[in-house]
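Novice: Structure supplied as data_21.txt; contents: compact mmCIF, C-alpha atoms.
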# COMPACT_ATOMS: atom_id res chain seq x y z
CA MET L 70 -16.96 -24.80 11.05
CA LEU L 71 -17.04 -21.34 12.58
CA ASN L 72 -20.07 -20.01 14.41
CA ILE L 73 -20.72 -16.82 12.44
CA VAL L 74 -23.62 -14.60 13.49
CA ASP L 75 -24.29 -11.54 11.37
CA GLY L 76 -20.71 -11.54 10.11
CA ILE L 77 -19.15 -11.81 13.58
CA ILE L 78 -17.28 -15.00 14.52
CA HIS L 79 -18.03 -16.39 17.95
CA ASP L 80 -15.01 -18.44 18.95
CA ALA L 81 -12.72 -18.50 21.97
CA ARG L 82 -9.70 -17.93 19.72
CA ILE L 83 -11.03 -14.68 18.28
CA LYS L 84 -11.39 -11.40 20.16
CA SER L 85 -14.24 -9.35 18.76
CA THR L 86 -12.93 -5.78 18.55
CA PRO L 87 -15.28 -3.77 16.33
CA ILE L 88 -13.69 -0.76 14.64
CA PRO L 89 -16.38 0.93 12.54
CA GLN L 90 -13.86 3.51 11.26
CA ILE L 91 -12.40 0.93 8.83
CA ALA L 92 -15.70 -0.57 7.63
CA HIS L 93 -16.82 0.75 4.25
CA GLY L 94 -20.28 -0.51 3.34
CA PRO L 95 -21.79 -3.91 2.57
CA LEU L 96 -19.60 -6.80 1.40
CA LYS L 97 -22.00 -8.77 -0.75
CA LEU L 98 -19.87 -11.78 -1.59
CA ILE L 99 -16.62 -13.36 -0.44
CA ASP L 100 -14.54 -14.94 -3.17
CA ALA L 101 -11.14 -14.85 -1.51
CA ILE L 102 -8.91 -14.11 1.46
CA VAL L 103 -5.97 -11.72 1.20
CA VAL L 104 -3.05 -11.95 3.66
CA HIS L 105 -1.15 -8.78 4.60
CA GLN L 106 1.45 -7.38 6.96
CA THR L 107 0.91 -4.08 8.72
CA ASP L 108 4.29 -2.32 8.69
CA SER L 109 3.80 -1.63 12.40
CA LYS L 110 5.55 -2.81 15.55
CA THR L 111 2.57 -3.76 17.70
CA GLY L 112 -1.03 -4.85 17.37
CA ALA L 113 -2.06 -2.22 19.93
CA GLY L 114 -0.55 0.48 17.73
CA THR L 115 -2.38 -0.76 14.65
CA LEU L 116 -5.72 -1.03 16.46
CA ALA L 117 -5.27 2.46 17.94
CA GLY L 118 -4.40 3.85 14.49
CA TRP L 119 -7.47 2.26 12.92
CA ARG L 120 -9.69 3.66 15.69
CA THR L 121 -8.58 7.24 15.03
CA GLY L 122 -10.17 7.10 11.59
CA SER L 123 -7.26 9.13 10.20
CA ARG L 124 -6.42 6.18 7.94
CA PRO L 125 -9.44 4.56 6.36
CA ASP L 126 -7.48 1.44 5.38
CA GLY L 127 -7.67 -1.73 7.43
CA ALA L 128 -8.64 -5.38 7.42
CA HIS L 129 -11.26 -7.69 8.88
CA PHE L 130 -8.73 -9.49 11.08
CA LEU L 131 -5.49 -8.58 12.81
CA ILE L 132 -3.08 -11.19 14.12
CA ASP L 133 -0.77 -9.85 16.84
CA LYS L 134 2.78 -11.06 17.48
CA ASP L 135 1.59 -13.35 20.29
CA GLY L 136 -0.95 -14.96 17.97
CA THR L 137 -4.01 -13.14 19.32
CA ILE L 138 -6.63 -12.82 16.60
CA TYR L 139 -8.82 -9.71 16.57
CA GLN L 140 -11.91 -9.45 14.39
CA CYS L 141 -12.31 -5.75 13.75
CA VAL L 142 -14.91 -5.72 10.97
CA SER L 143 -17.93 -7.93 10.24
CA LEU L 144 -17.64 -10.33 7.30
CA LYS L 145 -20.68 -8.51 5.94
CA GLN L 146 -18.75 -5.25 5.65
CA LYS L 147 -16.08 -4.16 3.18
CA CYS L 148 -12.56 -3.12 4.21
CA TRP L 149 -10.08 -1.19 2.14
CA HIS L 150 -7.15 -3.60 2.12
CA VAL L 151 -6.39 -4.45 -1.53
CA GLY L 152 -6.20 -1.24 -3.58
CA LYS L 153 -5.77 -1.36 -7.33
CA ILE L 154 -5.47 -4.86 -8.77
CA ALA L 155 -2.91 -6.11 -11.28
CA SER L 156 -3.80 -8.14 -14.35
CA ARG L 157 -4.10 -11.81 -13.51
CA CYS L 158 -3.81 -13.04 -17.08
CA LEU L 159 -0.70 -10.91 -17.70
CA LEU L 160 0.93 -12.31 -14.60
CA GLU L 161 -0.04 -15.89 -15.31
CA LYS L 162 0.68 -15.54 -19.02
CA SER L 163 -2.83 -16.73 -19.81
CA CYS L 164 -4.25 -13.72 -21.65
CA SER L 165 -6.46 -14.31 -24.67
CA VAL L 166 -5.38 -12.78 -27.97
CA ASP L 167 -7.70 -9.82 -27.35
CA GLU L 168 -6.39 -9.31 -23.84
CA LYS L 169 -2.79 -9.49 -25.02
CA SER L 170 -3.54 -6.90 -27.64
CA TYR L 171 -5.34 -4.67 -25.10
CA TYR L 172 -2.38 -4.70 -22.72
CA ALA L 173 0.19 -4.26 -25.47
CA THR L 174 -1.68 -1.14 -26.58
CA GLU L 175 -2.02 0.15 -23.01
CA LEU L 176 1.68 -0.38 -22.26
CA LYS L 177 2.59 1.55 -25.39
CA LYS L 178 0.04 4.29 -24.79
CA ASP L 179 0.88 4.75 -21.10
CA ARG L 180 4.67 4.47 -21.49
CA GLY L 181 6.21 6.73 -18.88
CA HIS L 182 2.80 7.33 -17.26
CA PHE L 183 2.99 4.62 -14.64
CA SER L 184 0.02 5.68 -12.51
CA THR L 185 -2.15 5.80 -15.62
CA PHE L 186 -1.20 2.24 -16.51
CA VAL L 187 -1.98 1.02 -12.98
CA ASN L 188 -5.34 2.83 -12.99
CA GLU L 189 -6.33 1.62 -16.47
CA THR L 190 -5.35 -1.97 -15.64
CA ASP L 191 -7.46 -1.87 -12.49
CA LYS L 192 -10.44 -0.41 -14.34
CA HIS L 193 -10.15 -3.06 -17.06
CA GLU L 194 -9.74 -5.98 -14.64
CA ARG L 195 -12.75 -4.94 -12.55
CA LYS L 196 -15.03 -5.71 -15.50
CA LYS L 197 -14.07 -9.39 -15.22
CA SER L 198 -15.48 -11.85 -12.74
CA TYR L 199 -13.48 -13.80 -10.18
CA PRO L 200 -11.35 -15.91 -10.67
CA SER L 201 -10.56 -14.47 -14.11
CA ARG L 202 -9.29 -11.46 -12.20
CA PHE L 203 -7.66 -11.09 -8.79
CA PRO L 204 -9.86 -10.43 -5.74
CA MET L 205 -10.75 -6.84 -4.86
CA ASN L 206 -12.05 -5.03 -1.77
CA GLU L 207 -15.55 -5.77 -3.05
CA ASP L 208 -15.23 -9.57 -2.85
CA SER L 209 -12.53 -10.44 -0.35
CA ILE L 210 -11.70 -10.39 3.31
CA GLY L 211 -8.37 -9.24 4.66
CA ILE L 212 -6.11 -10.65 7.36
CA GLU L 213 -3.33 -8.37 8.62
CA MET L 214 -0.38 -9.75 10.54
CA VAL L 215 1.64 -7.36 12.68
CA GLY L 216 5.10 -7.02 11.14
CA MET L 217 7.55 -4.36 10.05
CA HIS L 218 8.62 -3.38 6.56
CA ILE L 219 12.40 -3.85 6.36
CA SER L 220 13.38 -2.95 2.80
CA SER L 221 11.90 -2.57 -0.67
CA ASN L 222 11.47 -6.34 -0.95
CA LEU L 223 11.49 -7.58 2.61
CA TYR L 224 9.17 -7.68 5.64
CA GLU L 225 9.71 -9.16 9.09
CA THR L 226 9.11 -12.93 9.32
CA PRO L 227 5.89 -13.70 11.23
CA THR L 228 6.30 -15.33 14.65
CA MET L 229 5.44 -19.00 15.23
CA GLN L 230 2.35 -17.92 17.18
CA GLN L 231 1.23 -15.77 14.25
CA GLN L 232 1.76 -18.67 11.83
CA ASP L 233 -0.30 -21.01 14.04
CA SER L 234 -3.14 -18.51 14.29
CA LEU L 235 -3.05 -17.73 10.58
CA GLN L 236 -3.14 -21.41 9.69
CA TRP L 237 -6.10 -22.03 11.99
CA LEU L 238 -8.01 -18.92 10.87
CA VAL L 239 -7.51 -19.51 7.15
CA GLY L 240 -8.50 -23.19 7.51
CA GLU L 241 -11.67 -22.29 9.40
CA LEU L 242 -12.60 -19.48 7.01
CA GLU L 243 -12.05 -21.72 3.97
CA ALA L 244 -14.35 -24.37 5.43
CA SER L 245 -17.01 -21.93 6.59
CA LEU L 246 -17.06 -19.72 3.49
CA HIS L 247 -16.64 -22.55 0.95
CA LEU L 248 -13.27 -21.33 -0.28
CA THR L 249 -10.24 -23.38 -1.29
CA ALA L 250 -6.49 -22.97 -0.84
CA SER L 251 -6.32 -21.36 -4.27
CA ASP L 252 -8.55 -18.53 -3.02
CA VAL L 253 -5.97 -17.30 -0.52
CA TYR L 254 -3.48 -14.67 -1.74
CA ARG L 255 -0.57 -12.66 -0.53
CA HIS L 256 -1.29 -8.94 -1.05
CA PRO L 257 1.69 -8.16 -3.32
CA LEU L 258 0.71 -10.91 -5.73
CA ILE L 259 -2.55 -9.20 -6.64
CA SER L 260 -1.65 -5.53 -6.27
CA TYR L 261 1.49 -3.46 -6.80
CA LYS L 262 2.94 -3.74 -3.30
CA ASN L 263 6.23 -4.72 -1.65
CA PRO L 264 6.83 -8.38 -2.61
CA GLY L 265 8.14 -9.05 0.88
CA GLU L 266 4.74 -8.36 2.47
CA ALA L 267 3.40 -11.64 3.91
CA ALA L 268 6.09 -13.53 1.99
CA GLY L 269 6.96 -15.42 5.17
CA ALA L 270 3.32 -16.17 6.06
CA GLN L 271 2.30 -19.81 5.88
CA TRP L 272 -1.28 -20.89 6.17
CA THR L 273 -1.07 -24.54 5.27
CA PRO L 274 0.96 -27.22 7.06
CA LYS L 275 3.24 -27.50 4.03
CA ALA L 276 4.96 -24.40 2.72
CA HIS L 277 2.38 -23.00 0.34
CA ALA L 278 2.80 -19.95 -1.81
CA GLY L 279 -0.92 -19.26 -2.15
CA GLY L 280 -2.97 -18.32 -5.15
CA LYS L 281 -3.18 -20.37 -8.29
CA SER L 282 -0.29 -18.58 -9.85
CA GLN L 283 2.45 -19.39 -7.39
CA MET N 136 -22.85 50.93 15.95
CA ASP N 137 -23.91 47.39 15.18
CA SER N 138 -22.86 47.70 11.60
CA LYS N 139 -19.41 49.12 12.54
CA GLY N 140 -18.99 46.41 15.16
CA THR N 141 -19.85 43.71 12.63
CA ARG N 142 -17.40 45.17 10.09
CA GLY N 143 -14.70 45.27 12.78
CA ARG N 144 -15.32 41.67 13.68
CA GLU N 145 -15.30 40.72 9.98
CA LYS N 146 -11.95 42.49 9.48
CA SER N 147 -10.52 40.76 12.52
CA MET N 148 -11.84 37.41 11.27
CA ASN N 149 -10.34 38.05 7.82
CA TRP N 150 -6.95 38.72 9.40
CA ARG N 151 -7.16 35.56 11.49
CA VAL N 152 -8.05 33.48 8.43
CA TYR N 153 -5.19 35.11 6.50
CA VAL N 154 -2.65 34.47 9.28
CA LEU N 155 -3.88 30.87 9.70
CA PHE N 156 -3.64 30.29 5.95
CA LEU N 157 -0.14 31.81 5.89
CA MET N 158 0.98 29.61 8.81
CA LEU N 159 -0.42 26.47 7.22
CA PHE N 160 1.08 27.30 3.84
CA SER N 161 4.50 28.18 5.18
CA SER N 162 4.71 25.15 7.50
CA ASN N 163 3.77 22.93 4.57
CA ALA N 164 6.35 24.61 2.37
CA ILE N 165 9.04 24.28 5.06
CA ALA N 166 8.15 20.61 5.63
CA HIS N 167 8.45 19.91 1.94
CA ALA N 168 11.58 22.01 1.43
CA GLN N 169 13.61 20.33 4.18
CA PHE N 170 15.20 17.88 1.73
CA ALA N 171 15.79 20.38 -1.08
CA LEU N 172 19.28 20.13 -2.59
CA PRO N 173 21.60 23.14 -2.70
CA PRO N 174 22.37 24.43 -6.20
CA SER N 175 25.97 23.25 -5.75
CA ALA N 176 24.96 19.58 -5.32
CA LYS N 177 26.50 17.32 -7.95
CA ILE N 178 24.09 14.61 -8.98
CA SER N 179 25.08 11.31 -10.55
CA ILE N 180 22.42 9.06 -12.02
CA GLY N 181 22.79 5.29 -12.39
CA LYS N 182 21.03 2.79 -14.61
CA LEU N 183 17.49 1.44 -14.35
CA ARG N 184 17.42 -1.74 -12.27
CA ILE N 185 14.42 -4.07 -12.53
CA ASP N 186 13.58 -7.15 -10.49
CA ASP N 187 12.02 -9.13 -13.31
CA LYS N 188 10.90 -11.90 -10.96
CA ALA N 189 8.30 -9.50 -9.68
CA ARG N 190 4.90 -9.63 -11.39
CA ASN N 191 4.96 -7.90 -14.76
CA ASP N 192 6.77 -4.83 -13.44
CA ALA N 193 9.53 -5.22 -16.03
CA GLN N 194 7.10 -4.48 -18.84
CA VAL N 195 5.75 -1.44 -17.05
CA CYS N 196 9.08 -0.03 -15.91
CA SER N 197 11.10 -0.48 -19.07
CA GLY N 198 12.06 2.83 -20.58
CA TRP N 199 11.84 4.72 -17.28
CA THR N 200 14.46 7.48 -17.15
CA ILE N 201 15.08 10.45 -14.90
CA ASN N 202 17.27 13.52 -15.24
CA ALA N 203 19.01 15.76 -12.71
CA LYS N 204 16.17 18.29 -12.79
CA GLN N 205 13.69 15.58 -11.86
CA VAL N 206 15.96 14.35 -9.05
CA ARG N 207 16.11 17.91 -7.65
CA SER N 208 12.35 18.19 -7.92
CA MET N 209 11.87 14.94 -5.97
CA PHE N 210 14.10 16.16 -3.15
CA ARG N 211 12.34 19.53 -3.13
CA THR N 212 8.75 18.29 -3.11
CA TYR N 213 8.70 14.85 -1.46
CA HIS N 214 7.99 14.42 2.25
CA ARG N 215 9.31 11.90 4.77
CA LEU N 216 7.18 8.75 5.10
CA GLY N 217 6.27 7.13 8.40
CA PRO N 218 5.50 3.50 9.24
CA GLY N 219 2.66 2.14 7.14
CA ASP N 220 2.71 4.98 4.62
CA LEU N 221 4.29 2.93 1.82
CA HIS N 222 1.88 0.04 2.43
CA ASP N 223 -1.20 2.25 2.62
CA TYR N 224 -0.56 4.94 0.02
CA TYR N 225 2.00 3.93 -2.60
CA THR N 226 2.32 1.62 -5.58
CA GLU N 227 5.64 -0.20 -5.19
CA MET N 228 6.94 -1.33 -8.57
CA GLN N 229 10.08 -3.44 -8.42
CA CYS N 230 12.27 -1.04 -10.34
CA TRP N 231 14.76 1.52 -9.19
CA ILE N 232 17.19 4.14 -10.43
CA ASP N 233 19.91 5.05 -7.97
CA GLY N 234 22.69 7.57 -7.80
CA THR N 235 24.79 9.80 -5.60
CA LEU N 236 24.89 13.41 -4.46
CA GLU N 237 28.05 15.32 -3.71
CA VAL N 238 27.60 18.25 -1.37
CA ASP N 239 30.52 20.09 0.27
CA GLY N 240 32.85 17.15 -0.32
CA LYS N 241 30.45 14.63 1.23
CA THR N 242 28.77 11.86 -0.75
CA PHE N 243 25.18 10.83 -0.16
CA HIS N 244 23.05 8.16 -1.86
CA TRP N 245 19.58 8.17 -3.33
CA GLU N 246 17.39 5.55 -4.95
CA ALA N 247 14.17 6.43 -6.76
CA GLN N 248 11.46 3.77 -6.99
CA LEU N 249 8.25 3.79 -8.98
CA ILE N 250 5.82 5.28 -8.18
CA HIS N 251 6.87 8.53 -6.39
CA ILE N 252 9.18 6.89 -3.81
CA LEU N 253 12.71 8.02 -2.92
CA ASN N 254 15.14 6.34 -0.51
CA THR N 255 18.08 8.46 0.61
CA ASP N 256 20.60 9.21 3.33
CA TRP N 257 20.65 12.94 2.50
CA PRO N 258 21.17 15.27 4.37
CA ASP N 259 22.29 13.62 7.64
CA GLY N 260 23.60 10.19 6.62
CA VAL N 261 20.51 8.47 8.05
CA ASP N 262 18.52 6.17 5.72
CA LYS N 263 14.98 7.40 5.16
CA THR N 264 12.15 7.07 2.67
CA LEU N 265 10.49 10.08 1.07
CA GLY N 266 7.29 10.05 -0.94
CA GLY N 267 5.57 12.32 -3.42
CA LYS N 268 1.95 12.32 -4.53
CA TYR N 269 0.12 9.19 -3.35
CA SER N 270 0.28 6.53 -6.04
CA GLY N 271 -1.64 3.60 -4.67
CA ASP N 272 -4.02 3.87 -1.73
CA LEU N 273 -5.97 0.82 -0.66
CA SER N 274 -9.47 2.10 -1.35
CA GLY N 275 -9.13 0.93 -4.94
CA GLN N 276 -11.15 3.97 -6.02
Would you write out, as structure tokens, the structure that this file holds?
Specialist:
Amino acid sequence: MLNIVDGIIHDARIKSTPIPQIAHGPLKLIDAIVVHQTDSKTGAGTLAGWRTGSRPDGAHFLIDKDGTIYQCVSLKQKCWHVGKIASRCLLEKSCSVDEKSYYATELKKDRGHFSTFVNETDKHERKKSYPSRFPMNEDSIGIEMVGMHISSNLYETPTMQQQDSLQWLVGELEASLHLTASDVYRHPLISYKNPGEAAGAQWTPKAHAGGKSQ
Amino acid sequence: MDSKGTRGREKSMNWRVYVLFLMLFSSNAIAHAQFALPPSAKISIGKLRIDDKARNDAQVCSGWTINAKQVRSMFRTYHRLGPGDLHDYYTEMQCWIDGTLEVDGKTFHWEAQLIHILNTDWPDGVDKTLGGKYSGDLSGQ
């Protein structure tokens, strides 16, 4: 179990590196963990970018190539790391009759207006409670791993040190925050992002895809 | 005297604001116009390609078409993306329409991706990603 004081983890494996520029108000509950990759070459570059405040996006944790874990934001504060969420029931083919009908109508109505469909889906999903929907910024914590975007469906594979740190961090967070393996997601599963992001990340000893749907 | 002095300063300030605005506007326009295609460019447009393993993108993307005018508009108005821009600011649907450009006997490639993303090797043969209006920032708002 982690020693968490006021949202900050006190552990020799975690470097506390507060970056208030990427904290966006109180995080009232934690339902899930979302794993990301930065599309950057170095941890130092990402931390420096977050500190400038020019990009408000960021995550609670950053795992550098050498496995160093930085906690940048308190677990009591929100980060912008998810964006608009996709429909969980559409993806898992578990929509009720009403939901099916809603999405069929939306797809027809928004045909050719892709941003509108993404926005309307997000708005609709937010009315549901977790885990009927995917996690959002308002109920999840984010872990970024340093790694470059390579192509439209591929990111760099995380290093062994990153995998070790991710596995340890996710395990400790699950135990401390009363989450399970099914509450850990890769970013592109829940939002419309590059499917290669965090595809190579493994947080359990066995290869585990994460999320109930994979 | 005071009143004349104030008017003079106001005029000078107005000019400075005007020049600043002009510089900002023109630099923005130049930055955006750097990938504009010449009128002589011949554009070929391929078929819609969808990775249907990805989420429910197939349902969303089906029926997406683009024409030569839209391709020209993308090249004219999109800007070059840097590291992290796609991740932080764009929705990346798994569907693409690709094609070629013929300019002065040389062939270049382009690939449009939803939403507002364009990969291309125009005009210098170097692969790059351009982006239009942000389509998916991470604030979720």
Novice: Check the smallest atom-to-atom distance from each of N:His214, N:Gly234, N:Trp199, N:Val261 to chain L using all atoms listed in the file, then report the winner.
Specialist: N:Trp199
Novice: Contacts from chain N to chain L, 8 Å maximum, all atoms listed in the file: show me the residue list as a PDB file with C-alpha atoms, in the coordinates of the input.
Specialist:
ATOM      1  CA  ALA N 189       8.300  -9.500  -9.680  1.00  0.00           C
ATOM      2  CA  ARG N 190       4.900  -9.630 -11.390  1.00  0.00           C
ATOM      3  CA  ASN N 191       4.960  -7.900 -14.760  1.00  0.00           C
ATOM      4  CA  GLN N 194       7.100  -4.480 -18.840  1.00  0.00           C
ATOM      5  CA  VAL N 195       5.750  -1.440 -17.050  1.00  0.00           C
ATOM      6  CA  CYS N 196       9.080  -0.030 -15.910  1.00  0.00           C
ATOM      7  CA  GLY N 198      12.060   2.830 -20.580  1.00  0.00           C
ATOM      8  CA  TRP N 199      11.840   4.720 -17.280  1.00  0.00           C
ATOM      9  CA  PRO N 218       5.500   3.500   9.240  1.00  0.00           C
ATOM     10  CA  GLY N 219       2.660   2.140   7.140  1.00  0.00           C
ATOM     11  CA  HIS N 222       1.880   0.040   2.430  1.00  0.00           C
ATOM     12  CA  ASP N 223      -1.200   2.250   2.620  1.00  0.00           C
ATOM     13  CA  TYR N 225       2.000   3.930  -2.600  1.00  0.00           C
ATOM     14  CA  THR N 226       2.320   1.620  -5.580  1.00  0.00           C
ATOM     15  CA  GLU N 227       5.640  -0.200  -5.190  1.00  0.00           C
ATOM     16  CA  MET N 228       6.940  -1.330  -8.570  1.00  0.00           C
ATOM     17  CA  GLN N 229      10.080  -3.440  -8.420  1.00  0.00           C
ATOM     18  CA  LEU N 249       8.250   3.790  -8.980  1.00  0.00           C
ATOM     19  CA  ILE N 250       5.820   5.280  -8.180  1.00  0.00           C
ATOM     20  CA  SER N 270       0.280   6.530  -6.040  1.00  0.00           C
ATOM     21  CA  GLY N 271      -1.640   3.600  -4.670  1.00  0.00           C
ATOM     22  CA  ASP N 272      -4.020   3.870  -1.730  1.00  0.00           C
ATOM     23  CA  LEU N 273      -5.970   0.820  -0.660  1.00  0.00           C
ATOM     24  CA  SER N 274      -9.470   2.100  -1.350  1.00  0.00           C
ATOM     25  CA  GLY N 275      -9.130   0.930  -4.940  1.00  0.00           C
ATOM     26  CA  GLN N 276     -11.150   3.970  -6.020  1.00  0.00           C
TER      27      GLN N 276
END
Novice: Rounded to one decimal place, report the CA of Gly216 in chain L-CA of Lys268 in chain N distance in Å.
Specialist: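 That distance, rounded to one decimal, is 25.1 Å.
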Novice: Write out as number ranges by chain each polymer residue whose atoms come within 9 Å of range 228-232 of chain L, counting all atoms listed in the file; drop sequence neighbours fewer than 4 positions from it.
Specialist: L: 132-138, 214-215, 236-237, 270-272
Novice: In Å to one decimal, how far is CA of Gln90 in chain L from CA of Gln146 in chain L?
Specialist: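 The value is 11.5 Å.
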Novice: Can you work out the spacing between CA of Arg82 in chain L and CA of Met70 in chain L in Å, to one decimal?
Specialist: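 Separating CA of Arg82 in chain L from CA of Met70 in chain L is a distance of 13.2 Å.
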Novice: Measuring atom to atom with all atoms listed in the file, identify which of N:Ala171, N:Gln248, N:Lys177, N:Ser208 is nearest to Asp192 in chain N.
Specialist: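 Looking only at the distances to Asp192 in chain N, the closest residue turns out to be N:Gln248.
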Novice: Quick one: of N:Asp233, N:Leu221, N:Ser179, N:Asp256, who's nearest to Ser220 in chain L, counting all atoms listed in the file?
Specialist: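 Result for the nearest residue to Ser220 in chain L: N:Leu221.
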Novice: Any chance you could model N, CA and C atoms for range 232-247 of chain N and send them as a compact mmCIF listing (two decimals), keeping the file's coordinate frame?
Specialist:
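Result file follows (rebuild30.txt):
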# COMPACT_ATOMS: atom_id res chain seq x y z
N ILE N 232 16.02 3.46 -9.85
CA ILE N 232 17.19 4.14 -10.43
C ILE N 232 17.91 4.77 -9.25
N ASP N 233 19.20 4.48 -9.12
CA ASP N 233 19.91 5.05 -7.97
C ASP N 233 21.01 6.00 -8.43
N GLY N 234 21.62 6.63 -7.47
CA GLY N 234 22.69 7.57 -7.80
C GLY N 234 23.28 8.17 -6.55
N THR N 235 24.15 9.15 -6.75
CA THR N 235 24.79 9.80 -5.60
C THR N 235 24.63 11.31 -5.69
N LEU N 236 24.88 11.93 -4.54
CA LEU N 236 24.89 13.41 -4.46
C LEU N 236 26.21 13.80 -3.83
N GLU N 237 26.85 14.80 -4.36
CA GLU N 237 28.05 15.32 -3.71
C GLU N 237 27.79 16.74 -3.25
N VAL N 238 27.85 16.92 -1.94
CA VAL N 238 27.60 18.25 -1.37
C VAL N 238 28.72 18.57 -0.39
N ASP N 239 29.42 19.66 -0.61
CA ASP N 239 30.52 20.09 0.27
C ASP N 239 31.51 18.96 0.55
N GLY N 240 31.85 18.22 -0.47
CA GLY N 240 32.85 17.15 -0.32
C GLY N 240 32.30 15.86 0.27
N LYS N 241 31.04 15.86 0.67
CA LYS N 241 30.45 14.63 1.23
C LYS N 241 29.59 13.95 0.17
N THR N 242 29.58 12.61 0.22
CA THR N 242 28.77 11.86 -0.75
C THR N 242 27.56 11.23 -0.05
N PHE N 243 26.42 11.43 -0.65
CA PHE N 243 25.18 10.83 -0.16
C PHE N 243 24.59 9.95 -1.27
N HIS N 244 23.65 9.08 -0.88
CA HIS N 244 23.05 8.16 -1.86
C HIS N 244 21.56 8.40 -1.98
N TRP N 245 21.04 8.11 -3.14
CA TRP N 245 19.58 8.17 -3.33
C TRP N 245 19.17 7.02 -4.26
N GLU N 246 17.93 6.63 -4.12
CA GLU N 246 17.39 5.55 -4.95
C GLU N 246 15.92 5.86 -5.19
N ALA N 247 15.57 6.14 -6.42
CA ALA N 247 14.17 6.43 -6.76
C ALA N 247 13.48 5.12 -7.12
